[in-house]
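Below is structure.cif, holding mmCIF, C-alpha atoms and all ligand atoms.
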```
data_entry
#
loop_
_atom_site.label_atom_id
_atom_site.label_comp_id
_atom_site.auth_asym_id
_atom_site.auth_seq_id
_atom_site.Cartn_x
_atom_site.Cartn_y
_atom_site.Cartn_z
CA MET A 806 -37.15 -15.88 -61.19
CA THR A 807 -36.53 -19.56 -60.96
CA ILE A 808 -39.58 -21.69 -60.89
CA LEU A 809 -38.93 -24.89 -58.97
CA SER A 810 -40.73 -28.04 -59.97
CA LYS A 811 -42.93 -29.66 -57.34
CA LYS A 812 -40.28 -32.39 -56.87
CA MET A 813 -37.46 -29.83 -56.48
CA ARG A 814 -39.51 -27.87 -53.96
CA SER A 815 -40.03 -30.93 -51.85
CA VAL A 816 -36.28 -31.78 -52.04
CA ALA A 817 -35.42 -28.21 -50.97
CA ALA A 818 -37.92 -28.40 -48.11
CA ALA A 819 -36.44 -31.71 -46.99
CA ALA A 820 -32.95 -30.20 -47.06
CA VAL A 821 -34.04 -27.28 -44.85
CA LEU A 822 -35.71 -29.71 -42.50
CA ALA A 823 -32.57 -31.85 -42.38
CA LEU A 824 -30.44 -28.76 -41.67
CA THR A 825 -32.61 -27.59 -38.80
CA ALA A 826 -32.77 -31.14 -37.43
CA VAL A 827 -28.95 -31.43 -37.25
CA PRO A 828 -28.08 -31.28 -33.55
CA ALA A 829 -25.87 -28.33 -32.56
CA LEU A 830 -22.26 -29.25 -31.89
CA ALA A 831 -21.63 -30.67 -28.46
CA THR A 832 -19.79 -28.32 -26.12
CA GLU A 833 -17.23 -29.22 -23.48
CA PHE A 834 -17.18 -26.43 -20.93
CA LYS A 835 -14.10 -25.66 -18.87
CA VAL A 836 -14.52 -25.56 -15.10
CA ALA A 837 -11.74 -24.00 -13.02
CA VAL A 838 -11.38 -25.61 -9.59
CA GLY A 839 -9.19 -23.94 -6.96
CA ASP A 840 -8.54 -27.02 -4.82
CA GLY A 841 -6.98 -30.41 -5.48
CA ALA A 842 -8.71 -33.79 -5.72
CA GLY A 843 -10.76 -35.26 -2.89
CA GLY A 844 -12.41 -32.14 -1.50
CA SER A 845 -15.81 -30.52 -1.70
CA GLN A 846 -14.99 -28.44 -4.78
CA GLU A 847 -14.18 -31.53 -6.84
CA ALA A 848 -17.28 -33.31 -5.48
CA LEU A 849 -19.51 -30.40 -6.54
CA GLY A 850 -17.84 -30.18 -9.94
CA ALA A 851 -18.06 -33.91 -10.65
CA ALA A 852 -21.74 -33.99 -9.67
CA PHE A 853 -22.39 -30.95 -11.87
CA ALA A 854 -20.60 -32.50 -14.87
CA ALA A 855 -22.59 -35.73 -14.55
CA ALA A 856 -25.90 -33.89 -14.13
CA LEU A 857 -25.21 -31.53 -17.05
CA ALA A 858 -24.44 -34.43 -19.38
CA GLU A 859 -27.65 -36.10 -18.31
CA GLN A 860 -29.85 -33.00 -18.44
CA SER A 861 -28.58 -32.05 -21.91
CA GLY A 862 -28.88 -35.60 -23.27
CA GLY A 863 -25.10 -35.70 -23.76
CA LYS A 864 -24.94 -32.45 -25.74
CA HIS A 865 -22.95 -30.58 -23.10
CA SER A 866 -20.20 -31.78 -20.84
CA ALA A 867 -17.96 -30.09 -18.29
CA LYS A 868 -14.27 -30.75 -17.72
CA LEU A 869 -12.71 -29.93 -14.34
CA PHE A 870 -9.27 -28.34 -14.12
CA LEU A 871 -8.17 -28.91 -10.52
CA ASN A 872 -5.52 -27.22 -8.40
CA GLY A 873 -5.89 -23.75 -9.85
CA GLN A 874 -4.66 -24.84 -13.31
CA LEU A 875 -6.85 -22.16 -14.90
CA GLY A 876 -5.71 -19.43 -12.52
CA ASP A 877 -5.97 -18.29 -8.96
CA GLU A 878 -9.52 -18.30 -7.57
CA GLN A 879 -9.93 -14.51 -7.56
CA ASP A 880 -8.55 -14.30 -11.11
CA THR A 881 -11.11 -16.83 -12.34
CA VAL A 882 -13.91 -14.42 -11.38
CA SER A 883 -12.53 -11.77 -13.73
CA ALA A 884 -11.90 -14.38 -16.44
CA ALA A 885 -15.49 -15.64 -16.24
CA ALA A 886 -16.84 -12.07 -16.20
CA THR A 887 -15.05 -11.27 -19.45
CA GLY A 888 -16.16 -14.55 -21.02
CA THR A 889 -12.69 -16.12 -21.32
CA LEU A 890 -13.62 -18.83 -18.79
CA ASP A 891 -16.88 -20.82 -18.65
CA PHE A 892 -17.23 -21.92 -15.02
CA SER A 893 -15.31 -21.75 -11.76
CA ILE A 894 -15.66 -23.31 -8.31
CA LEU A 895 -14.12 -21.21 -5.57
CA ALA A 896 -14.55 -20.15 -1.96
CA ILE A 897 -17.15 -17.43 -1.36
CA ASN A 898 -14.50 -15.27 0.34
CA ASN A 899 -12.77 -15.00 -3.02
CA ILE A 900 -15.95 -13.59 -4.63
CA THR A 901 -16.49 -10.96 -1.90
CA PRO A 902 -13.88 -8.53 -3.35
CA PHE A 903 -16.03 -8.39 -6.54
CA SER A 904 -19.46 -8.57 -4.91
CA PRO A 905 -19.28 -7.18 -1.37
CA GLU A 906 -22.81 -8.22 -0.33
CA VAL A 907 -21.85 -11.91 -0.29
CA GLY A 908 -19.59 -10.88 2.60
CA THR A 909 -22.57 -11.51 4.92
CA LEU A 910 -21.64 -15.18 4.46
CA THR A 911 -18.05 -14.48 5.53
CA LEU A 912 -18.73 -12.24 8.54
CA PRO A 913 -17.32 -14.16 11.51
CA TYR A 914 -19.74 -16.27 13.54
CA VAL A 915 -22.84 -15.59 11.40
CA ILE A 916 -23.25 -18.97 9.68
CA MET A 917 -22.89 -21.46 12.51
CA SER A 918 -23.83 -24.81 10.91
CA GLN A 919 -24.41 -26.62 7.63
CA GLU A 920 -28.14 -26.13 8.18
CA ASP A 921 -27.60 -22.35 8.46
CA ALA A 922 -25.52 -22.36 5.27
CA GLU A 923 -28.13 -24.30 3.31
CA LYS A 924 -31.03 -22.25 4.64
CA ILE A 925 -29.47 -18.96 3.57
CA THR A 926 -27.97 -20.00 0.23
CA GLN A 927 -31.02 -21.92 -0.96
CA GLY A 928 -33.61 -19.38 0.20
CA GLU A 929 -34.71 -15.88 -0.74
CA ILE A 930 -31.55 -14.24 0.63
CA GLY A 931 -29.41 -16.61 -1.44
CA GLN A 932 -31.31 -15.67 -4.60
CA GLU A 933 -30.77 -11.98 -3.84
CA LEU A 934 -27.04 -12.61 -3.39
CA ILE A 935 -27.00 -14.41 -6.75
CA ASP A 936 -28.72 -11.43 -8.43
CA LYS A 937 -26.33 -8.96 -6.80
CA THR A 938 -23.32 -11.01 -7.91
CA ILE A 939 -24.49 -11.01 -11.54
CA GLU A 940 -24.88 -7.23 -11.32
CA ASN A 941 -21.59 -6.58 -9.48
CA ALA A 942 -19.27 -9.23 -10.87
CA GLY A 943 -20.70 -10.49 -14.18
CA VAL A 944 -20.92 -14.08 -12.93
CA ARG A 945 -23.92 -16.15 -11.87
CA ILE A 946 -23.84 -18.55 -8.92
CA ILE A 947 -25.59 -21.75 -10.02
CA GLY A 948 -24.56 -24.16 -7.28
CA TRP A 949 -23.13 -24.26 -3.78
CA ALA A 950 -20.58 -26.53 -2.15
CA TYR A 951 -20.76 -26.79 1.63
CA SER A 952 -17.29 -27.42 2.99
CA GLY A 953 -17.44 -27.13 6.78
CA PHE A 954 -15.87 -24.70 9.23
CA ARG A 955 -12.55 -23.08 8.42
CA VAL A 956 -10.30 -24.54 11.09
CA LEU A 957 -6.93 -22.99 11.86
CA SER A 958 -3.81 -24.98 11.00
CA ASN A 959 -0.19 -24.19 11.76
CA SER A 960 3.22 -25.81 11.80
CA LYS A 961 4.49 -24.45 15.13
CA LYS A 962 2.35 -25.17 18.19
CA PRO A 963 -1.07 -26.11 19.53
CA VAL A 964 -3.36 -23.05 19.73
CA SER A 965 -6.35 -22.91 22.01
CA THR A 966 -6.47 -19.27 23.15
CA VAL A 967 -6.10 -15.87 21.52
CA ALA A 968 -2.82 -15.52 23.45
CA ASP A 969 -1.50 -18.70 21.75
CA LEU A 970 -2.08 -17.09 18.37
CA GLN A 971 0.27 -14.20 19.04
CA GLY A 972 3.50 -14.39 17.08
CA LEU A 973 2.14 -16.80 14.45
CA VAL A 974 2.31 -15.67 10.83
CA VAL A 975 -1.07 -16.62 9.36
CA ARG A 976 -2.01 -16.53 5.68
CA VAL A 977 -5.50 -15.27 4.88
CA PRO A 978 -7.27 -14.76 1.54
CA LYS A 979 -7.24 -11.22 0.15
CA ASN A 980 -10.50 -10.54 1.95
CA GLU A 981 -10.97 -7.50 4.21
CA ILE A 982 -13.40 -9.23 6.56
CA MET A 983 -10.97 -12.06 7.26
CA ILE A 984 -8.04 -9.68 7.64
CA GLU A 985 -10.05 -7.64 10.16
CA THR A 986 -11.03 -10.78 12.04
CA TYR A 987 -7.42 -11.75 12.67
CA LYS A 988 -6.64 -8.16 13.63
CA SER A 989 -9.42 -8.36 16.22
CA TRP A 990 -7.48 -11.30 17.68
CA GLY A 991 -4.29 -9.23 17.82
CA VAL A 992 -2.65 -10.77 14.74
CA ASN A 993 -1.60 -8.96 11.57
CA PRO A 994 -2.28 -11.67 8.97
CA THR A 995 -0.59 -12.12 5.60
CA PRO A 996 -3.07 -11.75 2.69
CA MET A 997 -2.07 -14.13 -0.08
CA ALA A 998 -3.59 -15.73 -3.18
CA TRP A 999 -4.83 -19.27 -2.70
CA SER A 1000 -2.59 -20.61 -5.46
CA GLU A 1001 0.51 -19.48 -3.54
CA THR A 1002 -0.49 -20.85 -0.17
CA PHE A 1003 0.92 -24.39 -0.25
CA ALA A 1004 4.38 -23.16 -1.28
CA ALA A 1005 4.31 -20.43 1.36
CA LEU A 1006 3.47 -22.97 4.08
CA GLN A 1007 6.10 -25.36 2.78
CA GLN A 1008 8.81 -22.71 2.65
CA LYS A 1009 7.71 -21.39 6.05
CA VAL A 1010 7.02 -17.92 4.68
CA VAL A 1011 3.88 -18.29 6.80
CA ASP A 1012 3.23 -20.59 9.77
CA GLY A 1013 -0.44 -21.24 9.30
CA GLN A 1014 -3.72 -20.68 7.49
CA ASP A 1015 -7.39 -21.56 7.89
CA ASN A 1016 -9.60 -23.74 5.72
CA PRO A 1017 -12.04 -26.63 6.19
CA TYR A 1018 -10.90 -30.19 6.87
CA LEU A 1019 -11.97 -31.19 3.35
CA THR A 1020 -9.74 -28.50 1.86
CA ILE A 1021 -6.76 -29.27 4.11
CA TYR A 1022 -7.05 -32.85 2.86
CA ALA A 1023 -7.54 -31.96 -0.82
CA MET A 1024 -4.53 -29.63 -0.69
CA LYS A 1025 -2.33 -32.12 1.21
CA PHE A 1026 -1.65 -29.48 3.87
CA ASP A 1027 -0.94 -32.31 6.33
CA GLU A 1028 2.46 -32.52 4.62
CA VAL A 1029 3.33 -29.00 5.76
CA GLN A 1030 1.10 -28.38 8.82
CA LYS A 1031 0.91 -30.16 12.18
CA TYR A 1032 -1.64 -28.50 14.49
CA ILE A 1033 -5.33 -27.83 13.94
CA THR A 1034 -7.62 -25.68 16.09
CA ASN A 1035 -11.35 -26.21 15.61
CA LEU A 1036 -12.29 -22.57 15.07
CA ARG A 1037 -15.82 -22.00 13.76
CA TYR A 1038 -15.54 -18.38 12.70
CA ILE A 1039 -16.51 -19.05 9.07
CA PHE A 1040 -18.53 -21.94 7.67
CA SER A 1041 -17.02 -22.31 4.22
CA ILE A 1042 -19.40 -22.02 1.30
CA GLU A 1043 -17.96 -22.54 -2.18
CA PRO A 1044 -20.08 -21.52 -5.15
CA LEU A 1045 -20.05 -22.82 -8.68
CA ILE A 1046 -20.21 -19.79 -10.97
CA ILE A 1047 -20.88 -19.47 -14.69
CA SER A 1048 -19.83 -16.58 -16.88
CA GLU A 1049 -22.99 -14.47 -17.26
CA GLN A 1050 -22.01 -13.82 -20.88
CA LEU A 1051 -21.99 -17.55 -21.52
CA PHE A 1052 -25.25 -18.05 -19.63
CA GLN A 1053 -26.98 -15.38 -21.71
CA SER A 1054 -25.72 -16.97 -24.94
CA LEU A 1055 -27.50 -20.25 -24.10
CA SER A 1056 -31.06 -21.05 -25.19
CA ALA A 1057 -33.77 -20.97 -22.51
CA GLU A 1058 -33.79 -24.78 -22.53
CA GLU A 1059 -30.01 -24.96 -22.06
CA GLN A 1060 -30.13 -22.37 -19.27
CA GLU A 1061 -32.66 -24.53 -17.44
CA GLN A 1062 -30.44 -27.61 -17.92
CA VAL A 1063 -27.45 -25.74 -16.44
CA LEU A 1064 -29.53 -24.47 -13.49
CA GLU A 1065 -30.99 -27.90 -12.81
CA ALA A 1066 -27.51 -29.49 -12.96
CA GLY A 1067 -26.39 -26.86 -10.43
CA ARG A 1068 -29.28 -27.72 -8.09
CA ILE A 1069 -28.48 -31.45 -8.33
CA ALA A 1070 -24.79 -30.76 -7.65
CA THR A 1071 -25.69 -28.64 -4.60
CA GLN A 1072 -27.62 -31.55 -3.09
CA ALA A 1073 -24.70 -33.89 -3.81
CA SER A 1074 -22.33 -31.47 -2.08
CA SER A 1075 -24.54 -31.38 0.99
CA GLU A 1076 -24.39 -35.19 1.23
CA PHE A 1077 -20.64 -35.22 0.54
CA LEU A 1078 -19.89 -33.04 3.56
CA LYS A 1079 -22.15 -35.12 5.82
CA THR A 1080 -20.54 -38.41 4.81
CA GLU A 1081 -16.91 -37.39 4.28
CA GLU A 1082 -15.88 -34.78 6.86
CA ALA A 1083 -15.54 -37.13 9.85
CA LYS A 1084 -13.62 -39.70 7.77
CA ILE A 1085 -11.25 -37.07 6.43
CA LYS A 1086 -10.64 -35.73 9.93
CA GLU A 1087 -9.65 -39.22 11.07
CA GLU A 1088 -7.40 -39.62 8.05
CA LEU A 1089 -5.61 -36.35 8.86
CA VAL A 1090 -5.05 -37.54 12.44
CA SER A 1091 -3.67 -40.83 11.16
CA ARG A 1092 -1.24 -38.82 9.06
CA GLY A 1093 0.05 -37.13 12.21
CA MET A 1094 -2.01 -33.96 12.60
CA GLU A 1095 -2.96 -32.92 16.16
CA ILE A 1096 -6.41 -31.46 16.68
CA SER A 1097 -7.59 -29.34 19.61
CA ASP A 1098 -10.60 -27.22 20.52
CA PRO A 1099 -10.45 -23.54 21.41
CA ALA A 1100 -10.55 -22.89 25.16
CA ASN A 1101 -13.78 -21.90 26.87
CA ASP A 1102 -15.96 -22.92 23.93
CA GLU A 1103 -14.30 -20.24 21.74
CA GLN A 1104 -15.92 -17.39 23.70
CA GLU A 1105 -12.86 -15.14 23.62
CA PHE A 1106 -12.51 -15.48 19.82
CA ILE A 1107 -16.25 -14.93 19.33
CA GLU A 1108 -16.49 -11.84 21.52
CA LEU A 1109 -13.46 -10.11 20.01
CA ALA A 1110 -14.49 -10.80 16.42
CA THR A 1111 -18.17 -9.95 16.67
CA SER A 1112 -17.69 -6.82 18.78
CA THR A 1113 -15.04 -5.43 16.40
CA VAL A 1114 -15.55 -6.85 12.91
CA TRP A 1115 -19.35 -6.68 12.69
CA PRO A 1116 -19.55 -2.90 13.36
CA LYS A 1117 -16.49 -2.21 11.21
CA MET A 1118 -17.53 -4.26 8.16
CA ILE A 1119 -21.32 -4.09 8.33
CA ASP A 1120 -21.67 -1.28 5.76
CA SER A 1121 -19.58 -3.19 3.24
CA VAL A 1122 -22.03 -6.10 3.22
CA GLY A 1123 -25.17 -4.00 2.84
CA GLY A 1124 -25.64 -2.53 6.30
CA LYS A 1125 -27.34 -3.55 9.52
CA GLU A 1126 -30.54 -4.42 7.72
CA ALA A 1127 -28.80 -7.02 5.52
CA LEU A 1128 -27.08 -8.65 8.50
CA ASN A 1129 -30.27 -8.61 10.57
CA ARG A 1130 -32.23 -10.32 7.80
CA VAL A 1131 -29.72 -13.18 7.87
CA LEU A 1132 -29.69 -13.35 11.68
CA THR A 1133 -33.48 -13.29 11.88
CA GLU A 1134 -33.78 -15.98 9.21
CA LEU A 1135 -31.44 -18.10 11.34
CA GLY A 1136 -33.54 -17.50 14.47
CA ARG A 1137 -30.93 -15.28 16.11
CA ASP A 1138 -31.22 -11.89 17.75
CA PRO A 1139 -30.75 -8.93 15.42
CA VAL A 1140 -28.01 -6.40 16.16
CA GLN A 1141 -29.14 -3.03 17.56
C1 LIG B 1201 -8.90 -19.59 0.34
O1 LIG B 1201 -8.47 -19.79 1.48
O2 LIG B 1201 -8.46 -18.74 -0.43
C2 LIG B 1201 -9.99 -20.49 -0.13
O3 LIG B 1201 -10.83 -20.81 0.90
C3 LIG B 1201 -9.41 -21.72 -0.70
C4 LIG B 1201 -10.39 -22.67 -1.27
O4 LIG B 1201 -11.08 -22.34 -2.20
O5 LIG B 1201 -10.49 -23.81 -0.83
#
```
Full structure transcribed into structure tokens:
Amino acid sequence: MTILSKKMRSVAAAAVLALTAVPALATEFKVAVGDGAGGSQEALGAAFAAALAEQSGGKHSAKLFLNGQLGDEQDTVSAAATGTLDFSILAINNITPFSPEVGTLTLPYVIMSQEDAEKITQGEIGQELIDKTIENAGVRIIGWAYSGFRVLSNSKKPVSTVADLQGLVVRVPKNEIMIETYKSWGVNPTPMAWSETFAALQQKVVDGQDNPYLTIYAMKFDEVQKYITNLRYIFSIEPLIISEQLFQSLSAEEQEQVLEAGRIATQASSEFLKTEEAKIKEELVSRGMEISDPANDEQEFIELATSTVWPKMIDSVGGKEALNRVLTELGRDPVQ
């Protein structure tokens, strides 16, 4: 047994202390972003990156990879679940195939304003959807972008009635609720990955699609689309998700930093929509897009979608009780 002198013991103790005091290596996390620059996804991601750097005292940073560089939105959910991707920002409708309960946020004409979206996502129901998504999909929602209503765009003609829609080939995400909604309007839509949509519009494989103004702008759809109809069937909510494997590998302090950065980014996203949407709409008009409202305050679209899609899809989102909780929280009449 080696007997250390008093001096050696104090040197050894100092060395241990120095080792434990060495800060862990800084980490740069990768954040997949489905959309291009200038939209709500980038705004959420940039606010998150800044807040994470600040919360972690510069130890952690986040790098955004825009325009689906790290894969199509739905593929990024699987990549994050298996731990090969750190974070992703994507539309909620592209999480629904992995976590059906979040479909309550995609059911047509349920979320009818930014206030509704914030109330649900930031309240008790939102927390339950986060928990379900960890369980179902292996990813944790830590922030929310609010992007505005998904308006319909197309390259062929102005649309204001359900009759005008007939004959148009419309791309939708691979999301059953959205497919059923178009079917309720008499249209058989074309389900397609987000990453393929611009090319399909450009090559006229499809005539139209729907997404918020901020997304149409970020994706430069004005280059390949002419007409916009102000549908309000889905208010687009776009979560920031973290791989649950990665989250669980972080210390409690780091987890709190990530969560706090997510909360700060959510608030920034809320402001971004309020300040930017009207400006972006004007910009799209100045680039030649023509905007119209649905006839008769959208009543025909609303009645067809709610009377068909709600009963058909209600079980997939957790049943009548789940939908009624959301409706009641929003001060609306429950379904019978
Ligand atoms: C989609 O249409 O697939 C998504 O809403 C696109 C997006 O994330 O902006």
Protein and nucleic acid residues within 7 Å of ligand LIG 1201 (chain B) (only C-alpha atoms and all ligand atoms) as a list in words | Gly839, Asp840, Glu878, Leu895, Ala896, Asn898, Asn899, Val977, Pro978, Ala998, Trp999, Asp1015, Asn1016, Thr1020 and Glu1043 of chain A
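Residues lying within 7 Å of A:Thr1071, counting only C-alpha atoms and ignoring same-chain neighbours fewer than 3 positions away, are Leu849, Gly948, Trp949, Ala950, Gly1067, Arg1068, Ser1074 and Ser1075 of chain A.
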Interatomic distance between atom CA of A:Ala842 and atom CA of A:Leu1064?
->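 Separation between atom CA of A:Ala842 and atom CA of A:Leu1064: 24.1 Å.
Here the question is which of A:Arg955, A:Lys835, A:Lys1117, A:Lys979 gets nearest to A:Ile1042 using all atoms listed in the file, and that residue is A:Arg955.
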Top pick for closest residue to A:Lys1079, considering A:Ser918, A:Gly991, A:Leu869, A:Ile1046 and counting all atoms listed in the file |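 Checking each candidate against A:Lys1079, we get A:Ser918 as the closest.
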Can you tell me how far atom CA of A:Thr938 sits from atom CA of A:Ala1073, in Å to one decimal?
->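 Answer for the atom CA of A:Thr938 to atom CA of A:Ala1073 separation: 23.3 Å.
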